[in-house]
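Q: Supplied in structure tokens, the structure appears directly below.
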Amino acid sequence: MNMPAEESRSGKDAVIEVRGLEMSYGSFVLMRDLNFTINRGDIFIIMGGSGCGKSTLLKMLVGLKRPARGEILYDGVSYWESEPEVQERLKRRFGILFQSGALWSSMTLAENVALPLEQYTTLPPGQIRELVSFKLSLVGLGGFEDFYPSEISGGMKKRAGLARAMALDPDLLFFDEPSAGLDPISARLLDDLIIELSESLGTTVVVVTHELASIFAIGTNSVFLDPDVKTMTGAGDPKRLLKESPDPKVINFLTRGEGAQQR
Amino acid sequence: MEKGASHSMTPSELKIDKTPDGALLTLAGEWRLGNAIPSPDGLLAGLGAAEKGQRLAFESGKLQGWDSGLLVFLAKLFDICRRNGVTVDGSGLPAGVRKLIDLASPEKQRSGVTHGGEHPSFLVRVADTALAQVKGGREVLAFIGEATLAFYKMLRGKADFRRMDLIVTIQETGAQALPIVTLISLLVGMILAFIASIQLKMFGAQIYVADVVGIGIVRVMGAIMTGIIMSGRTGAAFAAQLGTMQVNEEIDALETLGFSPVEFLVLPRMLALMLMMPLLCVYSDLMGVLGGMVVGVGMLDLGVMEYVHESKAALNLTHLLVGLFHSFVFGILVAVAGCLRGLQCERSASAVGYAATSAVVTGIVCIVVATALITLSCQVLGI
């Protein structure tokens with residue numbers, strides 16, 4: 001369980017490498033020539049306007065959608081060229097928080113969080129119950145074990161989804177628009193939680209978002225996807241991108257459109 | 001703009017003057033929808049201003065009002081100018097008009113948007129449809145293959161699914177379906193008896209109503225009626241459940257955790273229906289015979305014992321087993337149709353509705369085709 005933390009302190013090394021990735025729907029190419037690296041311990045932001053393919057890119061990063069071209073390497077291992085057993089092992093390192101939480105509606109919150117634990121560990125039921133309670137408390141949902149997803153609010157669903165994503169202590173956490181539909185305070189709390197997780201567990205975090213406040217608060221690295229030229233037009237620390245990016249569209253995005261007027 | 005306002009509207013006026021470097025367009029009156037607005041086509045060509053390098057200016061001091069009518073006119077005109085290389089000087093237009101036209105200009109739209117390109121020809125559409133059918137057929141085969149593998153894994157005790165899901169589904173598809181099965185089976189038994197009695201009465205052979213109803217219900221009708229009820233009730237529910245899970249990304253969540261949706265979601269549903277359908281079928285048989293008896297005793301003056309005795313004499317174990325075999329097959333078909341359509345569901349609310357409808361249609365078609373095949377096989381085998 002402490003392994004990822006130890007490794008992260010040993011310095012920056014690539015966890016995910018994306019090479020020559022192309023995304024398309026049928027014959028319609030969404031993005032091409034995506035090349036970037038996500039380092040251990042990064043909070044990596046995938047940003048871009050609505051409909052530019054951010055969520056599709058995330059689906060490819062977690063092995064749900066096969067890229068049209070190019071490859072994705074995890075610690076040097078190509079996901080789509082691996083045997084199913086290797087893919088299964090890789091998947092076990094992922095924790096994913098979907099846009100709406102994607103909790104299984106026929107199970108209680110405790111059962112939702114417990115399912116991955118029951119599947120992949122041989123822990124006795126009593127210990128699983130304790131672990132589940134602890135994970136739910138981590139996201140501020142202690143005491144909600146026996147609630148069904150339909151009985152809690154949208155923000156709580158998202159936090160419960162996060163508890164489930166963290167159930168197996170993944171070393172890669174993926175977030176699909178974590179602050180969408182949350183009030184500013186809850187969004188801020190979620191941001192803080194992401195930073196805490198990254199710092200205390202050494203978890204590498206990949207976040208799809210277009211919330212500027214979040215981007216600057218948590219991001220240590222990023223890519224910017226531009227749907228007009230159909231590729232990435234910026235990469236690096238978002239704060240540095242804001243200062244140094246030569247692309248007016250990137251500046252525009254990072255300043256809510258005010259950058260272009262100044263130019 | 002109010003309806004009927006055209007009565008009091010000042011007509012739109014348009015004047016074109018030639019200038020040294022192009023043309024000047026003077027707009028006056030009210031340029032509103034509902035008012036007669038001239039067409040921009042051929043407007044400039046007549047003046048000889050539709051040439052490269054010319055300039056088109058505007059004068060709108062006497063313009064009394066405008067709405068989208070003017071905007072559409074100008075957008076078209078600007079487009080003509082752009083194609084002919086005529087420079088447009090919009091400074092003479094009201095500021096609001098300038099801003100809105102600018103927002104809708106081609107440069108502000110996302111580039112490279114194509115939705116399937118040009119309208120495909122008839123042959124292309126035929127080919128596309130045929131390929132889609134082949135793809136759909138492959139998906140069905142793949143799904144059946146996966147379901148079979150999952151079933152095999154379950155027999156070896158290695159399948160991943162929650163026992164609780166199985167129990168809940170058994171309750172939903174079994175006990176909770178009893179009221180509607182009771183009603184439909186009773187009525188179908190009565191209808192069969194009624195129709196048979198009209199014919200048999202002519203020969204004074206009313207007692208054979210028991211034979212017709214007994215064999216008809218036990219051999220096929222009981223199974224078909226439960227099959228159709230379950231297709232409408234449970235098949236649709238399965239498709240809607242799985243479809244909603246697809247929309248909510250719940251199935252993605254399962255897959256990323258390494259669970260097979262077929263094992264985890266389809267298997268318990270298939271098992272539940274395979275177990276419950278034969279039981280419901282036996283119950284439906286009993287109810288159907290009871291319905292026949294109600295008609296026989298109430299309308300044909302047959303005795304209760306007489307009817308029971310005649311039914312017993314007419315029926316044998318083969319009839320019952322043929323009926324049970326039907327219902328077992330229907331159970332698989334309804335579950336497969338429901339789950340397949342649910343998993344194929346796209347990510348929108350209307351897609352869930354479509355999945356549910358499609359599950360029922362697929363289920364019923366499969367049931368009828370399967371009945372025909374089984375009946376034919378029984379005929380050939382002499383069962």
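Each chain in the structure tokens gets a letter, A, B and so on, in the order shown; residues start at 1 in every chain, and ligands are counted from 1 in the order they appear.
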What are the residues of chain A that have an atom within 8 Å of an atom of chain B, counting only C-alpha atoms, as a CSV table (one decimal) with C-alpha atoms, in the first residue's frame?
A:
```
chain,number,residue,atom,x,y,z
A,28,PHE,CA,-14.4,11.9,-38.4
A,62,VAL,CA,-8.4,4.0,-18.8
A,63,GLY,CA,-8.7,1.3,-21.5
A,64,LEU,CA,-12.4,1.7,-22.3
A,88,GLU,CA,-6.5,-6.8,-16.2
A,91,LYS,CA,-6.6,-1.9,-14.8
A,92,ARG,CA,-6.3,-2.8,-11.2
A,94,PHE,CA,-6.6,2.5,-12.0
A,96,ILE,CA,-11.8,6.2,-11.9
A,98,PHE,CA,-16.9,9.2,-13.6
A,100,SER,CA,-21.9,11.5,-12.5
A,102,ALA,CA,-21.5,6.1,-11.8
A,103,LEU,CA,-22.4,4.4,-8.6
A,104,TRP,CA,-24.1,1.0,-9.1
A,116,PRO,CA,-13.7,-4.1,-5.8
A,228,ASP,CA,-9.8,23.6,-34.6
```
Q: Excluding A:Val205 and any residue of its chain fewer than 2 positions from it, enumerate the residues within 9 Å of it, using only C-alpha atoms, and give them as a list of chain:residue names.
A: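 These residues fall inside the cut-off: A:Arg40, A:Gly41, A:Asp42, A:Ile43, A:Phe44, A:Ile45, A:Asp171, A:Leu172, A:Leu173, A:Phe174, A:Phe175, A:Ile194, A:Leu197, A:Ser198, A:Thr203, A:Val207.
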Q: List as a compact mmCIF listing (two decimals) with all heavy atoms, in the first residue's frame the protein and nucleic acid residues near B:Met270, meaning an atom at most 12 Å away when only C-alpha atoms are counted, but skip any in the same chain fewer than 6 places from it.
A:
```txt
# COMPACT_ATOMS: atom_id res chain seq x y z
N ILE B 144 -24.13 -13.75 -27.70
CA ILE B 144 -24.55 -15.11 -27.35
C ILE B 144 -23.34 -15.93 -26.93
O ILE B 144 -23.38 -16.69 -25.95
CB ILE B 144 -25.29 -15.75 -28.53
CG1 ILE B 144 -26.61 -15.01 -28.75
CG2 ILE B 144 -25.56 -17.24 -28.28
CD1 ILE B 144 -27.35 -15.45 -29.99
N ALA B 147 -22.32 -14.89 -23.47
CA ALA B 147 -23.27 -15.38 -22.47
C ALA B 147 -23.06 -16.87 -22.24
O ALA B 147 -23.11 -17.35 -21.10
CB ALA B 147 -24.70 -15.10 -22.93
N THR B 148 -22.80 -17.62 -23.32
CA THR B 148 -22.57 -19.06 -23.19
C THR B 148 -21.31 -19.32 -22.35
O THR B 148 -21.32 -20.17 -21.45
CB THR B 148 -22.41 -19.70 -24.58
OG1 THR B 148 -23.47 -19.23 -25.40
CG2 THR B 148 -22.45 -21.20 -24.50
N ALA B 150 -20.01 -17.34 -20.17
CA ALA B 150 -20.29 -16.95 -18.79
C ALA B 150 -21.05 -18.07 -18.08
O ALA B 150 -20.78 -18.39 -16.91
CB ALA B 150 -21.09 -15.66 -18.75
N PHE B 151 -21.99 -18.68 -18.80
CA PHE B 151 -22.79 -19.77 -18.22
C PHE B 151 -21.88 -20.95 -17.87
O PHE B 151 -21.99 -21.54 -16.80
CB PHE B 151 -23.87 -20.18 -19.22
CG PHE B 151 -24.90 -21.09 -18.63
CD1 PHE B 151 -25.85 -20.59 -17.76
CD2 PHE B 151 -24.92 -22.44 -18.94
CE1 PHE B 151 -26.81 -21.43 -17.19
CE2 PHE B 151 -25.86 -23.29 -18.38
CZ PHE B 151 -26.80 -22.78 -17.51
N MET B 154 -19.98 -20.24 -14.88
CA MET B 154 -20.81 -20.36 -13.69
C MET B 154 -20.92 -21.83 -13.27
O MET B 154 -20.86 -22.16 -12.09
CB MET B 154 -22.19 -19.77 -13.95
CG MET B 154 -23.04 -19.72 -12.72
SD MET B 154 -24.74 -20.20 -12.99
CE MET B 154 -24.63 -21.69 -13.91
N ASP B 165 -28.07 -10.32 -6.34
CA ASP B 165 -28.70 -9.91 -7.60
C ASP B 165 -29.60 -11.02 -8.13
O ASP B 165 -30.71 -10.78 -8.59
CB ASP B 165 -27.65 -9.58 -8.66
CG ASP B 165 -27.05 -8.20 -8.47
OD1 ASP B 165 -27.56 -7.47 -7.59
OD2 ASP B 165 -26.10 -7.86 -9.19
N LEU B 166 -29.08 -12.25 -8.04
CA LEU B 166 -29.85 -13.39 -8.53
C LEU B 166 -31.15 -13.53 -7.74
O LEU B 166 -32.23 -13.69 -8.31
CB LEU B 166 -29.01 -14.67 -8.43
CG LEU B 166 -29.69 -15.96 -8.87
CD1 LEU B 166 -30.08 -15.89 -10.33
CD2 LEU B 166 -28.80 -17.16 -8.62
N THR B 169 -33.59 -10.76 -8.57
CA THR B 169 -34.17 -10.93 -9.90
C THR B 169 -35.17 -12.09 -9.91
O THR B 169 -36.21 -12.01 -10.56
CB THR B 169 -33.07 -11.19 -10.94
OG1 THR B 169 -31.98 -10.32 -10.67
CG2 THR B 169 -33.57 -10.93 -12.34
N ILE B 170 -34.86 -13.15 -9.16
CA ILE B 170 -35.80 -14.27 -9.08
C ILE B 170 -37.12 -13.80 -8.48
O ILE B 170 -38.20 -14.12 -8.97
CB ILE B 170 -35.20 -15.42 -8.23
CG1 ILE B 170 -34.19 -16.19 -9.08
CG2 ILE B 170 -36.29 -16.34 -7.73
CD1 ILE B 170 -33.54 -17.35 -8.38
N THR B 173 -38.90 -11.61 -11.13
CA THR B 173 -39.41 -12.29 -12.31
C THR B 173 -40.34 -13.43 -11.94
O THR B 173 -41.07 -13.93 -12.78
CB THR B 173 -38.26 -12.88 -13.15
OG1 THR B 173 -37.47 -13.69 -12.30
CG2 THR B 173 -37.41 -11.80 -13.74
N THR B 234 -40.63 -8.36 -18.11
CA THR B 234 -39.26 -8.50 -17.62
C THR B 234 -38.22 -8.15 -18.68
O THR B 234 -37.23 -7.50 -18.37
CB THR B 234 -39.06 -9.94 -17.14
OG1 THR B 234 -40.11 -10.24 -16.23
CG2 THR B 234 -37.74 -10.10 -16.46
N GLY B 235 -38.46 -8.56 -19.93
CA GLY B 235 -37.50 -8.24 -20.99
C GLY B 235 -37.32 -6.73 -21.09
O GLY B 235 -36.20 -6.22 -21.16
N PHE B 238 -35.38 -5.46 -18.06
CA PHE B 238 -33.94 -5.73 -18.17
C PHE B 238 -33.28 -4.70 -19.08
O PHE B 238 -32.23 -4.12 -18.75
CB PHE B 238 -33.69 -7.12 -18.76
CG PHE B 238 -33.95 -8.26 -17.81
CD1 PHE B 238 -33.83 -9.57 -18.23
CD2 PHE B 238 -34.30 -8.01 -16.50
CE1 PHE B 238 -34.06 -10.62 -17.36
CE2 PHE B 238 -34.54 -9.06 -15.62
CZ PHE B 238 -34.42 -10.37 -16.06
N VAL B 262 -21.25 -9.03 -18.89
CA VAL B 262 -22.09 -10.19 -19.21
C VAL B 262 -22.19 -11.12 -18.00
O VAL B 262 -23.26 -11.57 -17.63
CB VAL B 262 -21.53 -10.92 -20.44
CG1 VAL B 262 -22.29 -12.20 -20.68
CG2 VAL B 262 -21.64 -10.03 -21.67
N GLU B 263 -21.05 -11.36 -17.35
CA GLU B 263 -21.10 -12.23 -16.17
C GLU B 263 -21.85 -11.57 -15.04
O GLU B 263 -22.68 -12.18 -14.38
CB GLU B 263 -19.67 -12.50 -15.67
CG GLU B 263 -19.06 -13.76 -16.21
CD GLU B 263 -17.63 -13.87 -15.75
OE1 GLU B 263 -17.37 -13.75 -14.55
OE2 GLU B 263 -16.75 -14.05 -16.63
N PHE B 264 -21.55 -10.29 -14.83
CA PHE B 264 -22.02 -9.63 -13.62
C PHE B 264 -23.49 -9.26 -13.71
O PHE B 264 -24.22 -9.32 -12.73
CB PHE B 264 -21.18 -8.37 -13.39
CG PHE B 264 -21.26 -7.86 -11.99
CD1 PHE B 264 -20.48 -8.42 -11.00
CD2 PHE B 264 -22.10 -6.82 -11.67
CE1 PHE B 264 -20.54 -7.96 -9.71
CE2 PHE B 264 -22.17 -6.35 -10.37
CZ PHE B 264 -21.39 -6.93 -9.39
N MET B 276 -37.30 -19.48 -13.44
CA MET B 276 -38.66 -19.06 -13.12
C MET B 276 -39.67 -19.34 -14.23
O MET B 276 -40.83 -19.59 -13.95
CB MET B 276 -38.68 -17.56 -12.78
CG MET B 276 -38.11 -17.23 -11.42
SD MET B 276 -39.00 -18.06 -10.11
CE MET B 276 -37.81 -19.27 -9.59
N MET B 277 -39.22 -19.27 -15.50
CA MET B 277 -40.19 -19.45 -16.58
C MET B 277 -40.91 -20.79 -16.52
O MET B 277 -42.13 -20.83 -16.62
CB MET B 277 -39.49 -19.28 -17.93
CG MET B 277 -39.31 -17.84 -18.32
SD MET B 277 -40.85 -17.10 -18.80
CE MET B 277 -40.54 -16.87 -20.51
N PHE B 328 -38.67 -23.05 -21.03
CA PHE B 328 -37.25 -22.95 -20.72
C PHE B 328 -36.53 -22.17 -21.83
O PHE B 328 -35.75 -21.23 -21.57
CB PHE B 328 -36.68 -24.36 -20.58
CG PHE B 328 -35.22 -24.42 -20.25
CD1 PHE B 328 -34.78 -24.11 -18.98
CD2 PHE B 328 -34.29 -24.79 -21.21
CE1 PHE B 328 -33.43 -24.17 -18.67
CE2 PHE B 328 -32.95 -24.84 -20.92
CZ PHE B 328 -32.52 -24.53 -19.64
N VAL B 329 -36.84 -22.53 -23.08
CA VAL B 329 -36.23 -21.83 -24.22
C VAL B 329 -36.66 -20.36 -24.22
O VAL B 329 -35.83 -19.45 -24.42
CB VAL B 329 -36.65 -22.51 -25.55
CG1 VAL B 329 -36.18 -21.69 -26.74
CG2 VAL B 329 -36.07 -23.91 -25.62
N PHE B 330 -37.95 -20.11 -23.97
CA PHE B 330 -38.43 -18.72 -23.96
C PHE B 330 -37.72 -17.90 -22.88
O PHE B 330 -37.43 -16.73 -23.07
CB PHE B 330 -39.94 -18.66 -23.70
CG PHE B 330 -40.78 -19.30 -24.78
CD1 PHE B 330 -42.11 -19.60 -24.56
CD2 PHE B 330 -40.22 -19.60 -26.02
CE1 PHE B 330 -42.87 -20.18 -25.55
CE2 PHE B 330 -40.99 -20.19 -27.01
CZ PHE B 330 -42.32 -20.50 -26.77
N GLY B 331 -37.47 -18.54 -21.74
CA GLY B 331 -36.77 -17.84 -20.66
C GLY B 331 -35.42 -17.32 -21.14
O GLY B 331 -35.06 -16.16 -20.93
N ILE B 332 -34.68 -18.21 -21.82
CA ILE B 332 -33.37 -17.79 -22.33
C ILE B 332 -33.54 -16.67 -23.35
O ILE B 332 -32.84 -15.66 -23.32
CB ILE B 332 -32.64 -19.00 -22.97
CG1 ILE B 332 -32.40 -20.07 -21.90
CG2 ILE B 332 -31.32 -18.56 -23.60
CD1 ILE B 332 -31.81 -21.34 -22.46
N LEU B 333 -34.50 -16.85 -24.27
CA LEU B 333 -34.68 -15.86 -25.34
C LEU B 333 -35.04 -14.49 -24.79
O LEU B 333 -34.48 -13.47 -25.20
CB LEU B 333 -35.77 -16.33 -26.32
CG LEU B 333 -35.42 -17.55 -27.17
CD1 LEU B 333 -36.59 -17.97 -28.02
CD2 LEU B 333 -34.21 -17.27 -28.05
N VAL B 334 -35.99 -14.47 -23.85
CA VAL B 334 -36.43 -13.17 -23.30
C VAL B 334 -35.27 -12.49 -22.58
O VAL B 334 -35.03 -11.29 -22.75
CB VAL B 334 -37.64 -13.36 -22.35
CG1 VAL B 334 -37.91 -12.10 -21.57
CG2 VAL B 334 -38.86 -13.78 -23.14
N ALA B 335 -34.51 -13.27 -21.79
CA ALA B 335 -33.39 -12.68 -21.06
C ALA B 335 -32.32 -12.18 -22.01
O ALA B 335 -31.81 -11.05 -21.86
CB ALA B 335 -32.80 -13.71 -20.10
N VAL B 336 -31.99 -12.98 -23.02
CA VAL B 336 -30.95 -12.57 -23.97
C VAL B 336 -31.39 -11.32 -24.73
O VAL B 336 -30.63 -10.36 -24.87
CB VAL B 336 -30.61 -13.72 -24.95
CG1 VAL B 336 -29.81 -13.21 -26.12
CG2 VAL B 336 -29.83 -14.80 -24.21
N ALA B 337 -32.66 -11.32 -25.21
CA ALA B 337 -33.14 -10.14 -25.96
C ALA B 337 -33.10 -8.90 -25.08
O ALA B 337 -32.61 -7.84 -25.51
CB ALA B 337 -34.56 -10.39 -26.47
N GLY B 338 -33.58 -9.00 -23.85
CA GLY B 338 -33.62 -7.84 -22.96
C GLY B 338 -32.22 -7.32 -22.65
O GLY B 338 -31.94 -6.13 -22.76
N CYS B 339 -31.32 -8.24 -22.27
CA CYS B 339 -29.98 -7.81 -21.87
C CYS B 339 -29.19 -7.29 -23.07
O CYS B 339 -28.47 -6.31 -22.97
CB CYS B 339 -29.23 -8.96 -21.22
SG CYS B 339 -29.98 -9.47 -19.67
N LEU B 340 -29.34 -7.95 -24.22
CA LEU B 340 -28.60 -7.52 -25.41
C LEU B 340 -28.99 -6.09 -25.77
O LEU B 340 -28.13 -5.23 -25.97
CB LEU B 340 -28.91 -8.46 -26.58
CG LEU B 340 -28.40 -8.01 -27.94
CD1 LEU B 340 -26.89 -8.15 -28.00
CD2 LEU B 340 -29.02 -8.82 -29.07
```
Q: Could you go through stretch 75-215 of chain B and tell me which residues DSSP, when run on the backbone, assigns to helix (DSSP H, G or I), listing them as a PyMOL selection string?
A: chain B and resi 75-84+90-92+95-103+106-108+122-155+163-173+175-201+206-215
Q: Would you kindly return, as JSON, numbers by chain, each protein, DNA or RNA residue with an atom no farther than 9 Å from any atom of B:Ile217, considering only C-alpha atoms and excluding same-chain residues fewer than 4 positions away?
A: {"B": [185, 188, 189, 192, 212, 213, 221, 222, 223, 284, 285, 286, 288, 289, 323]}
Q: Report the distance between atom CA of B:Gly382 and atom CA of B:Asn316 in Å, rounded to one decimal place.
A: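 Taking atom CA of B:Gly382 and atom CA of B:Asn316, their separation equals 14.7 Å.
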